[in-house]
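Coordinates as given in entry06.tsv (TSV, C-alpha atoms):
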chain	number	residue	atom	x	y	z
A	1	MET	CA	-21.23	11.46	-15.85
A	2	THR	CA	-17.60	10.58	-16.24
A	3	ASN	CA	-16.30	7.73	-18.27
A	4	GLN	CA	-14.11	6.63	-15.44
A	5	SER	CA	-14.60	3.00	-14.69
A	6	THR	CA	-15.18	2.06	-11.13
A	7	THR	CA	-15.88	-1.59	-11.56
A	8	THR	CA	-14.26	-3.92	-9.12
A	9	HIS	CA	-12.05	-5.59	-11.66
A	10	GLU	CA	-10.49	-2.54	-13.23
A	11	GLY	CA	-10.71	-0.17	-10.31
A	12	SER	CA	-8.49	-1.86	-7.77
A	13	ALA	CA	-4.94	-0.66	-7.70
A	14	THR	CA	-3.31	-3.72	-6.23
A	15	PRO	CA	-3.85	-7.00	-8.05
A	16	GLU	CA	-3.91	-9.08	-4.87
A	17	LEU	CA	-6.89	-7.15	-3.59
A	18	ARG	CA	-8.91	-7.59	-6.75
A	19	SER	CA	-12.09	-9.43	-6.28
A	20	ARG	CA	-12.37	-12.68	-8.07
A	21	GLU	CA	-15.15	-12.84	-10.52
A	22	LYS	CA	-17.44	-15.76	-10.18
A	23	GLN	CA	-16.20	-18.40	-12.50
A	24	ALA	CA	-18.78	-19.70	-14.92
A	25	ILE	CA	-18.24	-23.24	-16.11
A	26	GLU	CA	-19.33	-24.95	-19.27
A	27	ARG	CA	-21.86	-27.54	-18.46
A	28	GLU	CA	-24.75	-29.01	-20.33
A	29	THR	CA	-27.92	-28.42	-18.46
A	30	THR	CA	-31.52	-28.78	-19.35
A	31	ARG	CA	-32.47	-25.72	-17.33
A	32	GLY	CA	-30.21	-23.21	-19.00
A	33	GLY	CA	-28.69	-20.25	-17.20
A	34	PRO	CA	-25.15	-19.88	-15.94
A	35	VAL	CA	-23.45	-22.50	-13.78
A	36	PHE	CA	-20.68	-21.38	-11.44
A	37	ARG	CA	-17.77	-23.19	-9.89
A	38	ALA	CA	-18.30	-23.11	-6.14
A	39	ASP	CA	-15.39	-22.00	-3.95
A	40	VAL	CA	-14.34	-24.88	-1.75
A	41	ASP	CA	-12.09	-25.51	1.26
A	42	ILE	CA	-10.89	-29.04	1.97
A	43	VAL	CA	-9.53	-29.84	5.39
A	44	GLU	CA	-8.20	-33.19	6.47
A	45	ARG	CA	-8.46	-34.19	10.09
A	46	ALA	CA	-7.31	-37.33	11.81
A	47	ASP	CA	-10.59	-39.13	11.28
A	48	GLU	CA	-12.37	-37.22	8.50
A	49	TYR	CA	-12.23	-34.87	5.56
A	50	LEU	CA	-14.23	-31.68	5.75
A	51	VAL	CA	-15.38	-30.13	2.48
A	52	THR	CA	-16.90	-26.65	2.76
A	53	ALA	CA	-18.47	-25.01	-0.27
A	54	ASP	CA	-19.83	-21.48	-0.73
A	55	LEU	CA	-23.25	-21.66	-2.35
A	56	PRO	CA	-24.72	-18.18	-1.79
A	57	GLY	CA	-28.40	-17.74	-2.59
A	58	VAL	CA	-29.12	-21.46	-2.62
A	59	GLU	CA	-31.95	-22.97	-0.58
A	60	THR	CA	-31.14	-26.15	1.36
A	61	GLY	CA	-33.64	-28.11	-0.72
A	62	ASP	CA	-31.96	-27.09	-3.97
A	63	VAL	CA	-28.62	-28.72	-3.17
A	64	GLN	CA	-27.89	-32.18	-4.51
A	65	VAL	CA	-24.90	-34.10	-3.29
A	66	ARG	CA	-24.26	-37.27	-5.26
A	67	LEU	CA	-21.76	-40.06	-5.07
A	68	GLU	CA	-21.36	-42.08	-8.21
A	69	GLY	CA	-18.40	-44.15	-9.36
A	70	GLY	CA	-16.14	-42.69	-6.68
A	71	VAL	CA	-16.96	-39.12	-7.73
A	72	LEU	CA	-18.63	-36.82	-5.26
A	73	SER	CA	-20.56	-34.01	-6.89
A	74	ILE	CA	-22.23	-30.93	-5.51
A	75	GLU	CA	-24.92	-29.46	-7.70
A	76	THR	CA	-27.54	-26.82	-7.09
A	77	THR	CA	-30.65	-26.48	-9.15
A	78	ARG	CA	-31.05	-22.74	-8.81
A	79	GLY	CA	-29.69	-19.74	-6.97
A	80	PHE	CA	-30.98	-16.40	-5.82
A	81	THR	CA	-33.95	-15.17	-7.84
A	82	PRO	CA	-34.90	-11.49	-7.76
A	83	GLU	CA	-38.54	-10.56	-7.31
A	84	PRO	CA	-40.49	-10.12	-10.55
A	85	GLY	CA	-41.07	-6.40	-10.00
A	86	TRP	CA	-37.38	-5.56	-9.78
A	87	THR	CA	-35.40	-4.17	-12.73
A	88	GLN	CA	-31.70	-4.69	-12.61
A	89	VAL	CA	-29.85	-1.39	-12.94
A	90	TYR	CA	-26.30	-2.33	-11.96
A	91	SER	CA	-24.63	-5.71	-11.98
A	92	GLU	CA	-21.38	-7.07	-10.66
A	93	TYR	CA	-22.30	-10.73	-10.44
A	94	ALA	CA	-24.68	-13.12	-12.05
A	95	SER	CA	-26.85	-15.53	-10.12
A	96	GLY	CA	-27.19	-19.08	-11.20
A	97	SER	CA	-26.52	-22.57	-10.05
A	98	PHE	CA	-23.28	-24.08	-8.80
A	99	TYR	CA	-21.41	-27.25	-9.64
A	100	ARG	CA	-18.30	-28.92	-8.31
A	101	GLU	CA	-17.02	-32.47	-8.27
A	102	PHE	CA	-14.21	-34.39	-6.62
A	103	ARG	CA	-12.83	-37.86	-7.00
A	104	LEU	CA	-12.75	-39.54	-3.63
A	105	SER	CA	-9.99	-41.75	-2.40
A	106	ASP	CA	-10.88	-45.22	-1.15
A	107	GLN	CA	-10.00	-44.01	2.34
A	108	ILE	CA	-13.48	-42.66	2.79
A	109	ASP	CA	-16.30	-44.51	4.45
A	110	VAL	CA	-18.90	-43.53	1.85
A	111	GLY	CA	-21.78	-44.86	3.91
A	112	ARG	CA	-21.20	-42.25	6.59
A	113	ILE	CA	-20.87	-39.07	4.52
A	114	SER	CA	-23.07	-36.30	5.93
A	115	ALA	CA	-24.04	-32.89	4.57
A	116	LYS	CA	-25.30	-29.74	6.26
A	117	MET	CA	-26.32	-26.42	4.75
A	118	ARG	CA	-26.31	-23.10	6.58
A	119	ASP	CA	-26.29	-19.47	5.41
A	120	GLY	CA	-25.33	-20.42	1.88
A	121	VAL	CA	-22.47	-22.67	3.00
A	122	LEU	CA	-22.49	-26.44	2.48
A	123	GLU	CA	-20.49	-28.52	4.91
A	124	LEU	CA	-19.70	-32.09	3.97
A	125	ARG	CA	-18.15	-34.50	6.41
A	126	LEU	CA	-16.40	-37.47	4.89
A	127	PRO	CA	-15.30	-39.87	7.62
A	128	LYS	CA	-12.23	-41.93	6.95
A	129	ALA	CA	-12.66	-45.67	6.76
A	130	GLU	CA	-11.63	-47.40	9.95
A	131	GLN	CA	-8.43	-48.93	8.53
A	132	HIS	CA	-7.16	-45.49	7.40
A	133	ARG	CA	-7.52	-43.72	10.72
A	134	PRO	CA	-4.38	-43.08	12.67
A	135	ARG	CA	-4.10	-45.31	15.67
A	136	ARG	CA	-1.79	-45.80	18.51
A	137	ILE	CA	-0.40	-49.25	19.05
A	138	GLU	CA	0.18	-50.25	22.59
A	139	VAL	CA	3.67	-51.43	23.18
A	140	THR	CA	3.79	-54.16	25.72
A	141	SER	CA	6.81	-55.57	27.35
B	1	MET	CA	-41.06	13.42	-11.72
B	2	ALA	CA	-37.56	13.44	-13.01
B	3	ARG	CA	-37.09	10.85	-15.68
B	4	LEU	CA	-34.13	8.62	-15.03
B	5	SER	CA	-32.38	7.56	-18.17
B	6	TRP	CA	-31.28	4.13	-17.05
B	7	THR	CA	-34.65	2.68	-16.14
B	8	GLY	CA	-35.26	1.33	-19.63
B	9	PHE	CA	-32.71	-1.49	-19.53
B	10	ALA	CA	-33.94	-4.98	-20.10
B	11	HIS	CA	-33.19	-7.62	-17.55
B	12	PRO	CA	-29.70	-8.87	-18.41
B	13	TRP	CA	-30.73	-12.50	-18.29
B	14	SER	CA	-33.91	-12.34	-20.30
B	15	GLY	CA	-32.18	-14.35	-22.99
B	16	GLY	CA	-29.16	-13.41	-25.01
B	17	THR	CA	-25.53	-14.36	-25.08
B	18	GLY	CA	-22.69	-13.76	-22.68
B	19	ASP	CA	-21.36	-11.04	-24.99
B	20	ALA	CA	-24.62	-9.17	-24.84
B	21	PHE	CA	-24.45	-9.39	-21.08
B	22	GLU	CA	-20.91	-8.10	-21.03
B	23	ASN	CA	-21.82	-5.17	-23.25
B	24	LEU	CA	-24.80	-4.36	-21.13
B	25	ARG	CA	-22.73	-4.53	-18.01
B	26	ARG	CA	-20.15	-2.18	-19.46
B	27	GLU	CA	-22.86	0.29	-20.44
B	28	VAL	CA	-24.47	0.13	-17.04
B	29	ASP	CA	-21.07	0.44	-15.39
B	30	GLN	CA	-20.46	3.64	-17.27
B	31	LEU	CA	-23.84	5.04	-16.45
B	32	PHE	CA	-23.40	4.08	-12.87
B	33	SER	CA	-19.94	5.46	-12.56
B	34	ARG	CA	-21.03	6.90	-9.28
B	35	VAL	CA	-20.90	3.50	-7.65
B	36	SER	CA	-17.70	3.93	-5.75
B	37	HIS	CA	-15.34	1.70	-3.90
B	38	ASP	CA	-13.70	2.65	-0.70
B	39	ALA	CA	-10.04	1.90	-0.40
B	40	PRO	CA	-9.73	-1.69	0.81
B	41	VAL	CA	-9.22	-2.02	4.53
B	42	ARG	CA	-5.63	-2.85	5.33
B	43	GLY	CA	-5.11	-6.50	5.82
B	44	SER	CA	-8.14	-7.60	3.86
B	45	GLN	CA	-7.48	-10.87	2.13
B	46	GLY	CA	-9.66	-10.92	-0.90
B	47	VAL	CA	-13.17	-10.53	0.49
B	48	HIS	CA	-14.82	-8.03	-1.76
B	49	PRO	CA	-18.54	-8.61	-1.86
B	50	LEU	CA	-19.91	-8.08	-5.33
B	51	VAL	CA	-23.18	-6.18	-5.43
B	52	ASN	CA	-26.17	-6.07	-7.71
B	53	LEU	CA	-28.65	-3.24	-7.72
B	54	TYR	CA	-32.28	-3.42	-8.72
B	55	GLU	CA	-34.91	-0.74	-8.98
B	56	SER	CA	-38.18	-1.59	-7.28
B	57	ALA	CA	-41.51	0.21	-7.08
B	58	ASP	CA	-40.47	2.47	-4.20
B	59	GLY	CA	-36.71	2.58	-4.47
B	60	PHE	CA	-33.73	0.30	-4.85
B	61	VAL	CA	-32.76	-3.16	-3.72
B	62	LEU	CA	-29.11	-4.06	-3.24
B	63	THR	CA	-27.94	-7.65	-2.99
B	64	ALA	CA	-24.50	-8.95	-2.05
B	65	GLU	CA	-23.23	-12.50	-1.80
B	66	LEU	CA	-21.74	-12.98	1.66
B	67	PRO	CA	-22.14	-16.66	2.51
B	68	GLY	CA	-21.44	-17.98	5.98
B	69	MET	CA	-21.65	-14.66	7.81
B	70	LYS	CA	-23.46	-13.73	10.96
B	71	PHE	CA	-26.07	-11.13	10.06
B	72	GLU	CA	-25.34	-9.12	13.20
B	73	GLU	CA	-21.74	-8.83	12.10
B	74	ILE	CA	-22.59	-7.03	8.88
B	75	GLU	CA	-22.54	-3.27	9.47
B	76	LEU	CA	-24.73	-1.11	7.31
B	77	ALA	CA	-24.86	2.66	7.23
B	78	VAL	CA	-26.95	4.99	5.08
B	79	GLN	CA	-26.23	8.66	4.69
B	80	GLY	CA	-28.01	10.70	2.05
B	81	ASN	CA	-27.67	8.64	-1.11
B	82	ARG	CA	-24.74	6.58	0.10
B	83	LEU	CA	-24.90	3.08	1.51
B	84	SER	CA	-21.89	1.48	3.07
B	85	ILE	CA	-21.42	-2.14	4.05
B	86	ARG	CA	-18.60	-3.43	6.16
B	87	GLY	CA	-17.71	-6.50	8.11
B	88	GLU	CA	-15.38	-9.39	8.38
B	89	ARG	CA	-15.76	-12.87	7.05
B	90	LYS	CA	-14.06	-15.22	9.47
B	91	ILE	CA	-13.17	-18.73	8.46
B	92	SER	CA	-11.39	-21.01	10.86
B	93	TYR	CA	-10.97	-24.72	11.20
B	94	PRO	CA	-10.27	-26.11	14.64
B	95	ASP	CA	-6.83	-27.62	14.64
B	96	ASP	CA	-6.57	-30.99	16.31
B	97	GLY	CA	-2.83	-31.14	15.72
B	98	ARG	CA	-3.20	-33.31	12.65
B	99	THR	CA	-5.31	-30.91	10.62
B	100	ASN	CA	-4.15	-30.57	7.04
B	101	LEU	CA	-5.48	-27.86	4.77
B	102	HIS	CA	-5.65	-29.31	1.27
B	103	ARG	CA	-7.48	-26.53	-0.48
B	104	ARG	CA	-8.43	-23.03	0.49
B	105	GLU	CA	-10.53	-21.13	-2.01
B	106	ARG	CA	-13.15	-19.45	0.16
B	107	PRO	CA	-12.14	-15.83	0.75
B	108	ALA	CA	-11.88	-14.54	4.31
B	109	GLY	CA	-11.07	-11.19	5.87
B	110	GLN	CA	-12.40	-7.70	6.30
B	111	PHE	CA	-14.38	-5.94	3.67
B	112	ARG	CA	-15.85	-2.54	3.08
B	113	ARG	CA	-17.91	-1.26	0.21
B	114	ALA	CA	-19.83	1.91	-0.46
B	115	VAL	CA	-22.47	2.43	-3.09
B	116	GLU	CA	-23.81	5.79	-4.16
B	117	LEU	CA	-27.37	5.72	-5.37
B	118	PRO	CA	-28.77	8.19	-7.90
B	119	VAL	CA	-31.21	9.66	-5.38
B	120	ALA	CA	-31.42	10.18	-1.62
B	121	ILE	CA	-32.63	7.27	0.47
B	122	ASP	CA	-35.11	7.39	3.31
B	123	SER	CA	-32.69	6.07	5.92
B	124	GLU	CA	-35.51	5.49	8.43
B	125	LYS	CA	-37.13	2.95	6.11
B	126	VAL	CA	-34.11	0.94	5.04
B	127	GLU	CA	-34.64	-2.77	5.64
B	128	ALA	CA	-31.93	-5.38	5.55
B	129	SER	CA	-32.23	-9.13	5.61
B	130	TYR	CA	-29.87	-12.06	5.25
B	131	ARG	CA	-30.94	-15.33	3.75
B	132	ASN	CA	-28.95	-18.26	2.40
B	133	GLY	CA	-25.79	-16.17	2.49
B	134	VAL	CA	-27.19	-13.28	0.46
B	135	LEU	CA	-27.50	-9.82	2.02
B	136	LEU	CA	-30.53	-7.95	0.73
B	137	VAL	CA	-31.01	-4.26	1.51
B	138	LYS	CA	-34.22	-2.47	0.58
B	139	LEU	CA	-33.58	1.23	0.07
B	140	PRO	CA	-36.75	3.28	-0.38
B	141	LYS	CA	-36.32	6.65	-2.03
B	142	SER	CA	-36.87	9.62	0.22
B	143	ALA	CA	-40.34	11.10	-0.15
B	144	ALA	CA	-39.10	14.00	-2.27
B	145	HIS	CA	-38.00	11.62	-5.02
B	146	ARG	CA	-41.05	9.41	-5.17
B	147	PRO	CA	-43.55	9.75	-7.97
B	148	ARG	CA	-46.55	11.73	-6.84
B	149	ARG	CA	-49.95	11.92	-8.24
B	150	ILE	CA	-51.21	15.48	-8.76
B	151	GLU	CA	-54.92	15.93	-8.62
B	152	VAL	CA	-56.25	17.85	-11.57
B	153	GLN	CA	-59.14	19.95	-10.49
B	154	ALA	CA	-61.89	21.16	-12.72
B	155	GLN	CA	-62.19	24.91	-12.82

Please, can you express the file's structure as structure tokens?
Amino acid sequence: MTNQSTTTHEGSATPELRSREKQAIERETTRGGPVFRADVDIVERADEYLVTADLPGVETGDVQVRLEGGVLSIETTRGFTPEPGWTQVYSEYASGSFYREFRLSDQIDVGRISAKMRDGVLELRLPKAEQHRPRRIEVTS
Amino acid sequence: MARLSWTGFAHPWSGGTGDAFENLRREVDQLFSRVSHDAPVRGSQGVHPLVNLYESADGFVLTAELPGMKFEEIELAVQGNRLSIRGERKISYPDDGRTNLHRRERPAGQFRRAVELPVAIDSEKVEASYRNGVLLVKLPKSAAHRPRRIEVQAQ
């Protein structure tokens, strides 16, 4: 065995190709275990915002999306769990739950927010309130 | 049966602090210095699936977080004791002309990883599944490396 390190973080020659380690966040939980910051894309369209979050290993039923005091939060109660008979022999990432929150602008029609989960990816649609949508005004002579 | 020195590790999350986990990971990294990384594919933009490896009753189980992929688009190949995974994570948002990207954190692009296992794998019996964005590959040891019970016969 050599002492040469081949871990992802130290082994890559070019910094831009280094993998990003999952980012654990400090958060008080009653369950214990690590909580990770979910990677998120936010796209604004003419009539809605689209928030996409990576939540690998999370079952649909373990995702909680909450809206409280203008803050939208994404929280998962647990992540991937290995089978009891498995012994971990090599580790590059830890499994755990995810958390992320955003303050919403008053442009959003909170009553029509929808959420969909597929292959470990959460997709939130946040429709804009009617008065904030772009509109075309007819010019009449 | 050959005794493998690394089987005695405790589960990293069976209690303990982050430091203990880091130390353990470093130790395991050193022991598993055979886990290799192929040179990143040109043009890859940060997708580098991290892997975990478990030992099970009949072999190894590899997991990798690859959310939002199509299972058929993940290519797996096993040769001897080497498993390679490759694919491309595509992320696109239809542009309606007024689309504005406010935040882009989710990595996209091509990836390729190879993992060398301590023993040869029975490539015929490798099983892969994809669930909730986690790739799980079951890698049974080839028959020559499995524990065998030897009958002791009375003289």

Worksheet item: What is the CA of Ile137 in chain A-CA of Leu104 in chain A distance in Å, reported with one decimal?
Response: 27.6 Å

Worksheet item: Which neighbours of range 78-90 of chain B fall inside 7 Å, counting all atoms listed in the file, when residues of the same chain fewer than 4 positions from it are skipped, and could you give them as a PyMOL selection string?
Response: chain B and resi 69+73-74+108-121+123

Worksheet item: Using all atoms listed in the file, which chain A residues lie at most 6 Å away from chain B, written as a list in words?
Response: Asn3, Leu17, Ser19, Asp39, Val40, Asp41, Ile42, Val43, Glu44, Arg45, Ala46, Pro56, Gly57, Val58, Trp86, Thr87, Gln88, Val89, Tyr90, Ser91, Glu92, Asp119, Gly120 and Val121 of chain A

Worksheet item: Out of A:Arg78, A:Glu59, A:Thr52, A:Asp109, which residue has the shortest atom-to-atom distance to Gly96 in chain A when counting all atoms listed in the file?
Response: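 Among the listed residues, the smallest separation from Gly96 in chain A belongs to A:Arg78.
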
Worksheet item: In Å to one decimal, how far is CA of Ile25 in chain A from CA of Tyr93 in chain A?
Response: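 Straight-line distance from CA of Tyr93 in chain A to CA of Ile25 in chain A works out to 14.3 Å.
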
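Straight-line separation from CA of Ser73 in chain A to CA of Phe102 in chain A: 6.4 Å.
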
Worksheet item: Which residues, written as a list in words, have at least one atom at most 12 Å from Leu124 in chain A, with only C-alpha atoms counted and residues fewer than 5 positions away on the same chain left out?
Response: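 Everything that qualifies: Val40, Asp41, Ile42, Val43, Glu44, Glu48, Tyr49, Leu50, Val51, Thr52, Ala53, Asp54, Val63, Gln64, Val65, Arg66, Leu72, Ser73, Ile74, Val110, Arg112, Ile113, Ser114, Ala115, Lys116, Met117 and Arg118 of chain A.
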